[in-house]
>>> print(open('start_2.cif').read())   # mmCIF, C-alpha atoms, pLDDT in the B column; chains and numbers go by the auth columns
data_final
#
loop_
_atom_site.group_PDB
_atom_site.id
_atom_site.type_symbol
_atom_site.label_atom_id
_atom_site.label_comp_id
_atom_site.label_asym_id
_atom_site.label_seq_id
_atom_site.Cartn_x
_atom_site.Cartn_y
_atom_site.Cartn_z
_atom_site.B_iso_or_equiv
_atom_site.auth_seq_id
_atom_site.auth_asym_id
ATOM 1 C CA THR A 1 -8.341 61.602 23.284 62.00 1 G
ATOM 2 C CA ASP A 2 -7.167 57.988 23.061 73.00 2 G
ATOM 3 C CA LYS A 3 -3.761 59.139 21.835 81.00 3 G
ATOM 4 C CA LEU A 4 -3.258 60.983 25.137 79.00 4 G
ATOM 5 C CA ILE A 5 -3.531 57.735 27.119 83.00 5 G
ATOM 6 C CA SER A 6 -0.845 55.133 27.614 80.00 6 G
ATOM 7 C CA ASP A 7 -1.315 51.986 25.536 83.00 7 G
ATOM 8 C CA THR A 8 -0.814 50.038 28.760 82.00 8 G
ATOM 9 C CA PHE A 9 -3.959 51.598 30.241 80.00 9 G
ATOM 10 C CA LEU A 10 -5.958 50.964 27.088 82.00 10 G
ATOM 11 C CA TRP A 11 -4.801 47.357 26.816 86.00 11 G
ATOM 12 C CA GLY A 12 -5.307 46.744 30.541 85.00 12 G
ATOM 13 C CA TYR A 13 -8.976 47.702 30.567 85.00 13 G
ATOM 14 C CA LYS A 14 -9.728 45.696 27.449 85.00 14 G
ATOM 15 C CA LYS A 15 -8.039 42.597 28.904 90.00 15 G
ATOM 16 C CA LEU A 16 -9.659 43.068 32.320 92.00 16 G
ATOM 17 C CA LEU A 17 -13.052 42.137 30.912 92.00 17 G
ATOM 18 C CA ASP A 18 -11.540 38.951 29.441 93.00 18 G
ATOM 19 C CA TRP A 19 -9.619 37.911 32.555 92.00 19 G
ATOM 20 C CA LEU A 20 -11.844 38.973 35.431 96.00 20 G
ATOM 21 C CA PRO A 21 -14.647 36.373 35.108 97.00 21 G
ATOM 22 C CA LYS A 22 -12.095 33.538 35.071 96.00 22 G
ATOM 23 C CA PHE A 23 -10.197 35.061 37.987 96.00 23 G
ATOM 24 C CA ILE A 24 -13.356 35.461 40.068 97.00 24 G
ATOM 25 C CA ASP A 25 -14.298 31.825 39.369 97.00 25 G
ATOM 26 C CA LYS A 26 -10.858 30.611 40.469 97.00 26 G
ATOM 27 C CA VAL A 27 -10.992 32.710 43.644 97.00 27 G
ATOM 28 C CA LYS A 28 -14.457 31.355 44.477 97.00 28 G
ATOM 29 C CA GLU A 29 -13.155 27.825 43.926 97.00 29 G
ATOM 30 C CA PHE A 30 -10.090 28.449 46.125 97.00 30 G
ATOM 31 C CA GLN A 31 -12.082 30.271 48.858 97.00 31 G
ATOM 32 C CA PRO A 32 -9.259 32.364 50.343 96.00 32 G
ATOM 33 C CA ASP A 33 -9.604 34.059 53.714 96.00 33 G
ATOM 34 C CA LEU A 34 -7.496 36.956 52.446 95.00 34 G
ATOM 35 C CA ILE A 35 -6.225 38.292 49.124 96.00 35 G
ATOM 36 C CA ILE A 36 -2.789 39.932 48.978 95.00 36 G
ATOM 37 C CA HIS A 37 -2.140 41.909 45.797 94.00 37 G
ATOM 38 C CA ASP A 38 0.109 44.423 44.096 92.00 38 G
ATOM 39 C CA GLN A 39 -1.686 47.752 43.948 90.00 39 G
ATOM 40 C CA THR A 40 -1.155 48.117 40.205 89.00 40 G
ATOM 41 C CA VAL A 41 -3.052 44.904 39.356 89.00 41 G
ATOM 42 C CA SER A 42 -6.830 45.256 39.191 92.00 42 G
ATOM 43 C CA SER A 43 -8.290 41.738 39.259 94.00 43 G
ATOM 44 C CA ALA A 44 -7.509 40.910 42.908 95.00 44 G
ATOM 45 C CA PRO A 45 -8.951 44.039 44.593 94.00 45 G
ATOM 46 C CA ILE A 46 -11.967 44.078 42.267 95.00 46 G
ATOM 47 C CA THR A 47 -12.648 40.446 43.174 96.00 47 G
ATOM 48 C CA ALA A 48 -12.151 41.230 46.874 96.00 48 G
ATOM 49 C CA PHE A 49 -14.621 44.099 46.513 95.00 49 G
ATOM 50 C CA LEU A 50 -17.213 42.009 44.658 96.00 50 G
ATOM 51 C CA GLU A 51 -16.884 38.912 46.854 96.00 51 G
ATOM 52 C CA ASP A 52 -16.400 40.776 50.164 95.00 52 G
ATOM 53 C CA ILE A 53 -13.016 39.148 50.857 96.00 53 G
ATOM 54 C CA PRO A 54 -10.493 41.017 53.054 95.00 54 G
ATOM 55 C CA CYS A 55 -7.473 42.177 51.101 95.00 55 G
ATOM 56 C CA VAL A 56 -4.014 43.611 51.568 95.00 56 G
ATOM 57 C CA SER A 57 -2.471 45.888 48.964 94.00 57 G
ATOM 58 C CA LEU A 58 1.320 45.684 48.732 91.00 58 G
ATOM 59 C CA ILE A 59 2.551 49.071 47.575 91.00 59 G
ATOM 60 C CA THR A 60 5.962 48.769 45.938 85.00 60 G
ATOM 61 C CA LEU A 61 6.184 52.456 45.035 85.00 61 G
ATOM 62 C CA PRO A 62 7.870 55.097 47.252 84.00 62 G
ATOM 63 C CA GLY A 63 4.645 55.977 49.073 88.00 63 G
ATOM 64 C CA PHE A 64 0.877 55.648 49.216 92.00 64 G
ATOM 65 C CA ASN A 65 0.307 58.807 47.175 92.00 65 G
ATOM 66 C CA CYS A 66 2.464 57.766 44.231 90.00 66 G
ATOM 67 C CA TYR A 67 -0.076 57.249 41.433 91.00 67 G
ATOM 68 C CA PRO A 68 1.189 55.841 38.098 89.00 68 G
ATOM 69 C CA LEU A 69 -1.666 57.617 36.283 89.00 69 G
ATOM 70 C CA LEU A 70 -0.215 60.950 37.426 91.00 70 G
ATOM 71 C CA MET A 71 3.466 60.347 36.756 88.00 71 G
ATOM 72 C CA GLY A 72 4.884 63.299 34.851 89.00 72 G
ATOM 73 C CA ARG A 73 1.954 65.491 35.921 91.00 73 G
ATOM 74 C CA HIS A 74 3.013 68.115 38.436 90.00 74 G
ATOM 75 C CA SER A 75 0.306 70.722 38.933 93.00 75 G
ATOM 76 C CA GLU A 76 -3.175 69.956 40.247 93.00 76 G
ATOM 77 C CA ALA A 77 -4.559 71.031 36.844 95.00 77 G
ATOM 78 C CA GLU A 78 -2.311 68.529 35.021 94.00 78 G
ATOM 79 C CA LYS A 79 -3.343 65.787 37.448 93.00 79 G
ATOM 80 C CA GLU A 80 -7.010 66.605 36.954 93.00 80 G
ATOM 81 C CA ASN A 81 -6.493 66.479 33.176 93.00 81 G
ATOM 82 C CA ALA A 82 -4.996 62.983 33.422 91.00 82 G
ATOM 83 C CA LEU A 83 -8.237 61.665 34.875 89.00 83 G
ATOM 84 C CA LYS A 84 -10.388 63.709 32.470 91.00 84 G
ATOM 85 C CA GLU A 85 -8.436 62.321 29.496 90.00 85 G
ATOM 86 C CA LEU A 86 -8.995 58.789 30.756 88.00 86 G
ATOM 87 C CA MET A 87 -12.722 59.351 31.240 88.00 87 G
ATOM 88 C CA ALA A 88 -13.042 61.028 27.812 90.00 88 G
ATOM 89 C CA SER A 89 -11.452 58.126 25.949 89.00 89 G
ATOM 90 C CA LYS A 90 -13.927 56.730 23.404 89.00 90 G
ATOM 91 C CA PHE A 91 -12.121 53.391 23.541 87.00 91 G
ATOM 92 C CA LEU A 92 -12.257 53.179 27.351 89.00 92 G
ATOM 93 C CA GLN A 93 -15.855 54.439 27.626 91.00 93 G
ATOM 94 C CA LYS A 94 -16.949 51.270 25.857 91.00 94 G
ATOM 95 C CA TYR A 95 -15.093 49.079 28.383 90.00 95 G
ATOM 96 C CA PHE A 96 -16.150 51.158 31.399 92.00 96 G
ATOM 97 C CA LYS A 97 -19.774 50.710 30.290 94.00 97 G
ATOM 98 C CA GLN A 98 -19.348 46.966 29.742 94.00 98 G
ATOM 99 C CA PHE A 99 -17.714 46.670 33.170 95.00 99 G
ATOM 100 C CA GLU A 100 -20.551 48.553 34.867 96.00 100 G
ATOM 101 C CA ASP A 101 -23.183 46.489 33.042 97.00 101 G
ATOM 102 C CA GLN A 102 -21.466 43.242 34.004 96.00 102 G
ATOM 103 C CA TYR A 103 -20.471 44.033 37.619 96.00 103 G
ATOM 104 C CA GLY A 104 -22.939 46.698 38.691 96.00 104 G
ATOM 105 C CA PHE A 105 -20.620 49.549 39.600 94.00 105 G
ATOM 106 C CA ASP A 106 -18.548 52.254 37.928 93.00 106 G
ATOM 107 C CA ILE A 107 -14.933 51.169 38.383 92.00 107 G
ATOM 108 C CA LEU A 108 -13.747 54.790 38.614 90.00 108 G
ATOM 109 C CA ASP A 109 -16.079 55.385 41.586 91.00 109 G
ATOM 110 C CA VAL A 110 -14.284 52.685 43.578 92.00 110 G
ATOM 111 C CA PHE A 111 -10.723 52.473 42.235 91.00 111 G
ATOM 112 C CA THR A 112 -8.065 54.614 40.583 88.00 112 G
ATOM 113 C CA PRO A 113 -6.397 53.129 37.494 85.00 113 G
ATOM 114 C CA TYR A 114 -3.128 51.357 38.343 85.00 114 G
ATOM 115 C CA THR A 115 -3.638 52.218 42.014 90.00 115 G
ATOM 116 C CA TYR A 116 -6.241 49.729 43.141 91.00 116 G
ATOM 117 C CA TYR A 117 -6.548 50.393 46.863 91.00 117 G
ATOM 118 C CA HIS A 118 -9.511 48.689 48.498 86.00 118 G
ATOM 119 C CA ARG A 119 -11.324 51.099 50.816 83.00 119 G
ATOM 120 C CA ASN A 120 -11.794 48.361 53.437 84.00 120 G
ATOM 121 C CA GLY A 121 -8.409 46.748 52.851 89.00 121 G
ATOM 122 C CA LEU A 122 -5.017 47.134 54.463 93.00 122 G
ATOM 123 C CA GLN A 123 -2.339 49.038 52.558 93.00 123 G
ATOM 124 C CA ILE A 124 1.294 48.048 53.229 92.00 124 G
ATOM 125 C CA CYS A 125 4.076 50.083 51.612 91.00 125 G
ATOM 126 C CA THR A 126 7.690 49.036 51.143 86.00 126 G
ATOM 127 C CA GLY A 127 8.751 52.683 50.968 83.00 127 G
ATOM 128 C CA ILE A 128 9.274 55.237 53.719 81.00 128 G
ATOM 129 C CA LYS A 129 6.441 57.416 55.040 85.00 129 G
ATOM 130 C CA GLU A 130 8.640 60.520 54.924 83.00 130 G
ATOM 131 C CA PHE A 131 9.013 60.022 51.139 81.00 131 G
ATOM 132 C CA ASP A 132 5.264 60.178 50.572 88.00 132 G
ATOM 133 C CA VAL A 133 3.802 63.307 49.007 89.00 133 G
ATOM 134 C CA GLU A 134 0.497 65.020 49.700 91.00 134 G
ATOM 135 C CA MET A 135 -2.562 63.295 48.288 92.00 135 G
ATOM 136 C CA PRO A 136 -3.599 64.875 44.972 92.00 136 G
ATOM 137 C CA GLN A 137 -6.873 66.775 45.207 91.00 137 G
ATOM 138 C CA ILE A 138 -8.547 64.603 42.553 91.00 138 G
ATOM 139 C CA PHE A 139 -8.177 61.460 44.697 91.00 139 G
ATOM 140 C CA LYS A 140 -9.152 62.935 48.073 90.00 140 G
ATOM 141 C CA LYS A 141 -12.835 62.051 47.678 88.00 141 G
ATOM 142 C CA LEU A 142 -11.977 58.430 46.896 89.00 142 G
ATOM 143 C CA TYR A 143 -8.992 57.781 49.179 89.00 143 G
ATOM 144 C CA GLN A 144 -9.142 60.514 51.861 85.00 144 G
ATOM 145 C CA GLY A 145 -7.538 59.318 55.093 86.00 145 G
ATOM 146 C CA MET A 146 -6.292 56.022 53.700 90.00 146 G
ATOM 147 C CA ASP A 147 -2.780 57.404 53.343 89.00 147 G
ATOM 148 C CA GLU A 148 -2.682 58.017 57.111 90.00 148 G
ATOM 149 C CA ASP A 149 -3.627 54.368 57.774 91.00 149 G
ATOM 150 C CA CYS A 150 -1.036 52.937 55.381 90.00 150 G
ATOM 151 C CA LEU A 151 1.609 50.801 57.126 89.00 151 G
ATOM 152 C CA TYR A 152 5.210 51.361 56.081 86.00 152 G
ATOM 153 C CA VAL A 153 7.396 48.282 56.324 83.00 153 G
ATOM 154 C CA GLY A 154 10.049 49.156 53.795 68.00 154 G
ATOM 155 C CA PRO A 155 13.438 47.511 53.801 62.00 155 G
ATOM 156 C CA MET A 156 14.913 50.967 54.236 56.00 156 G
ATOM 157 C CA LEU A 157 13.531 50.958 57.789 55.00 157 G
ATOM 158 C CA LEU A 158 15.637 47.974 58.848 58.00 158 G
ATOM 159 C CA THR A 159 19.148 48.088 60.261 61.00 159 G
ATOM 160 C CA GLU A 160 21.804 45.798 58.826 62.00 160 G
ATOM 161 C CA GLU A 161 21.515 43.634 61.960 68.00 161 G
ATOM 162 C CA GLN A 162 17.760 43.245 61.353 65.00 162 G
ATOM 163 C CA GLY A 163 18.399 41.944 57.872 56.00 163 G
ATOM 164 C CA ARG A 164 18.512 44.955 55.614 50.00 164 G
ATOM 165 C CA VAL A 165 20.214 44.258 52.328 47.00 165 G
ATOM 166 C CA SER A 166 21.784 47.521 51.270 44.00 166 G
ATOM 167 C CA SER A 167 24.112 46.137 48.615 45.00 167 G
ATOM 168 C CA MET A 168 25.133 42.941 46.944 43.00 168 G
ATOM 169 C CA ASP A 169 28.577 41.406 47.155 47.00 169 G
ATOM 170 C CA GLY A 170 29.505 41.144 43.513 47.00 170 G
ATOM 171 C CA GLY A 171 32.823 39.469 44.231 49.00 171 G
ATOM 172 C CA ILE A 172 35.167 41.582 42.104 54.00 172 G
ATOM 173 C CA LYS A 173 35.601 45.093 43.458 58.00 173 G
ATOM 174 C CA CYS A 174 35.507 47.984 41.022 59.00 174 G
ATOM 175 C CA GLU A 175 38.412 50.356 40.763 68.00 175 G
ATOM 176 C CA HIS A 176 37.953 54.013 41.639 68.00 176 G
ATOM 177 C CA GLN A 177 36.994 55.834 38.421 66.00 177 G
ATOM 178 C CA TRP A 178 36.491 59.436 37.342 62.00 178 G
ATOM 179 C CA LEU A 179 32.753 58.789 37.619 61.00 179 G
ATOM 180 C CA ASP A 180 33.198 58.322 41.376 65.00 180 G
ATOM 181 C CA GLU A 181 34.540 61.870 41.788 70.00 181 G
ATOM 182 C CA PRO A 182 32.281 64.623 43.130 68.00 182 G
ATOM 183 C CA PHE A 183 30.148 66.399 40.531 62.00 183 G
ATOM 184 C CA PRO A 184 30.747 68.759 38.712 62.00 184 G
ATOM 185 C CA HIS A 185 34.232 68.211 37.329 50.00 185 G
ATOM 186 C CA ASP A 186 36.535 71.156 36.838 50.00 186 G
#
>>> encode(input="start_2.cif", output="structure tokens")
Amino acid sequence: TDKLISDTFLWGYKKLLDWLPKFIDKVKEFQPDLIIHDQTVSSAPITAFLEDIPCVSLITLPGFNCYPLLMGRHSEAEKENALKELMASKFLQKYFKQFEDQYGFDILDVFTPYTYYHRNGLQICTGIKEFDVEMPQIFKKLYQGMDEDCLYVGPMLLTEEQGRVSSMDGGIKCEHQWLDEPFPHD
């Protein structure tokens, strides 16, 4: 089953157990009032959960319900299999067990891999709410209702007068090419 899982996932869980104790110590030393994190990085929301620190998840994907674990999986059955494959991994079972022994909770009961939303946190998305898709059935128990509370602040919502950057001035202008013609070509 390990061959069905991205090496990034496998590496990430192994390294989490190395990095997390140091990260928690640094956060305790710093004593933040709030943690702001990218939703694909696990150490910040796990620390916020363990230390009861408010957190904000910055979602840089098109919408709340865009889960990296499910990319390329289209049907509900395929999405369910993605999570089953992860849970069946002999390699990951070892790290899930070590994590639970060390921190006292099953990480998959609280977070989704590469989508670490904190149940009591604030989710802010740089996308557009209309681009979001329906929440996959397999994550409804864990994240039900959170997608409705997500705040969308994406740059696509701003007008040019408000500061939206829709293109860069590259200086030299390109000439009109065949590639610029409507598709398909006759």
>>> atom_distance(input="start_2.cif", atom1="atom CA of Ile59 of chain G", atom2="atom CA of Thr126 of chain G")
6.3 Å
>>> residues_around(input="start_2.cif", residues="Val153 of chain G", least_positions_apart="4", cutoff="8 Å", atoms="all atoms listed in the file", output="PyMOL selection string")
chain G and resi 124-128+157
>>> residues_around(input="start_2.cif", residues="Asp106 of chain G", least_positions_apart="6", cutoff="12 Å", atoms="all atoms listed in the file", output="JSON, numbers by chain")
{"G": [46, 87, 93, 95, 96, 97, 98, 99, 100, 112]}
>>> resolve_selection(input="start_2.cif", expression="the PyMOL selection byres ((chain G and resi 54) around 8)", output="ChimeraX atom specification")
/G:33-35,48,52-53,55-56,120-121
>>> atom_distance(input="start_2.cif", atom1="atom CA of Leu16 of chain G", atom2="atom CA of Phe111 of chain G")
13.7 Å
>>> atom_distance(input="start_2.cif", atom1="atom CA of Ser57 of chain G", atom2="atom CA of Tyr143 of chain G")
13.6 Å
>>> resolve_selection(input="start_2.cif", expression="the PyMOL selection byres ((chain G and resi 19) around 12)", output="PyMOL selection string")
chain G and resi 12-18+20-26+41-44+46-47+99
>>> residues_around(input="start_2.cif", residues="Tyr67 of chain G", least_positions_apart="5", cutoff="9 Å", atoms="only C-alpha atoms", output="PyMOL selection string")
chain G and resi 61+112-115
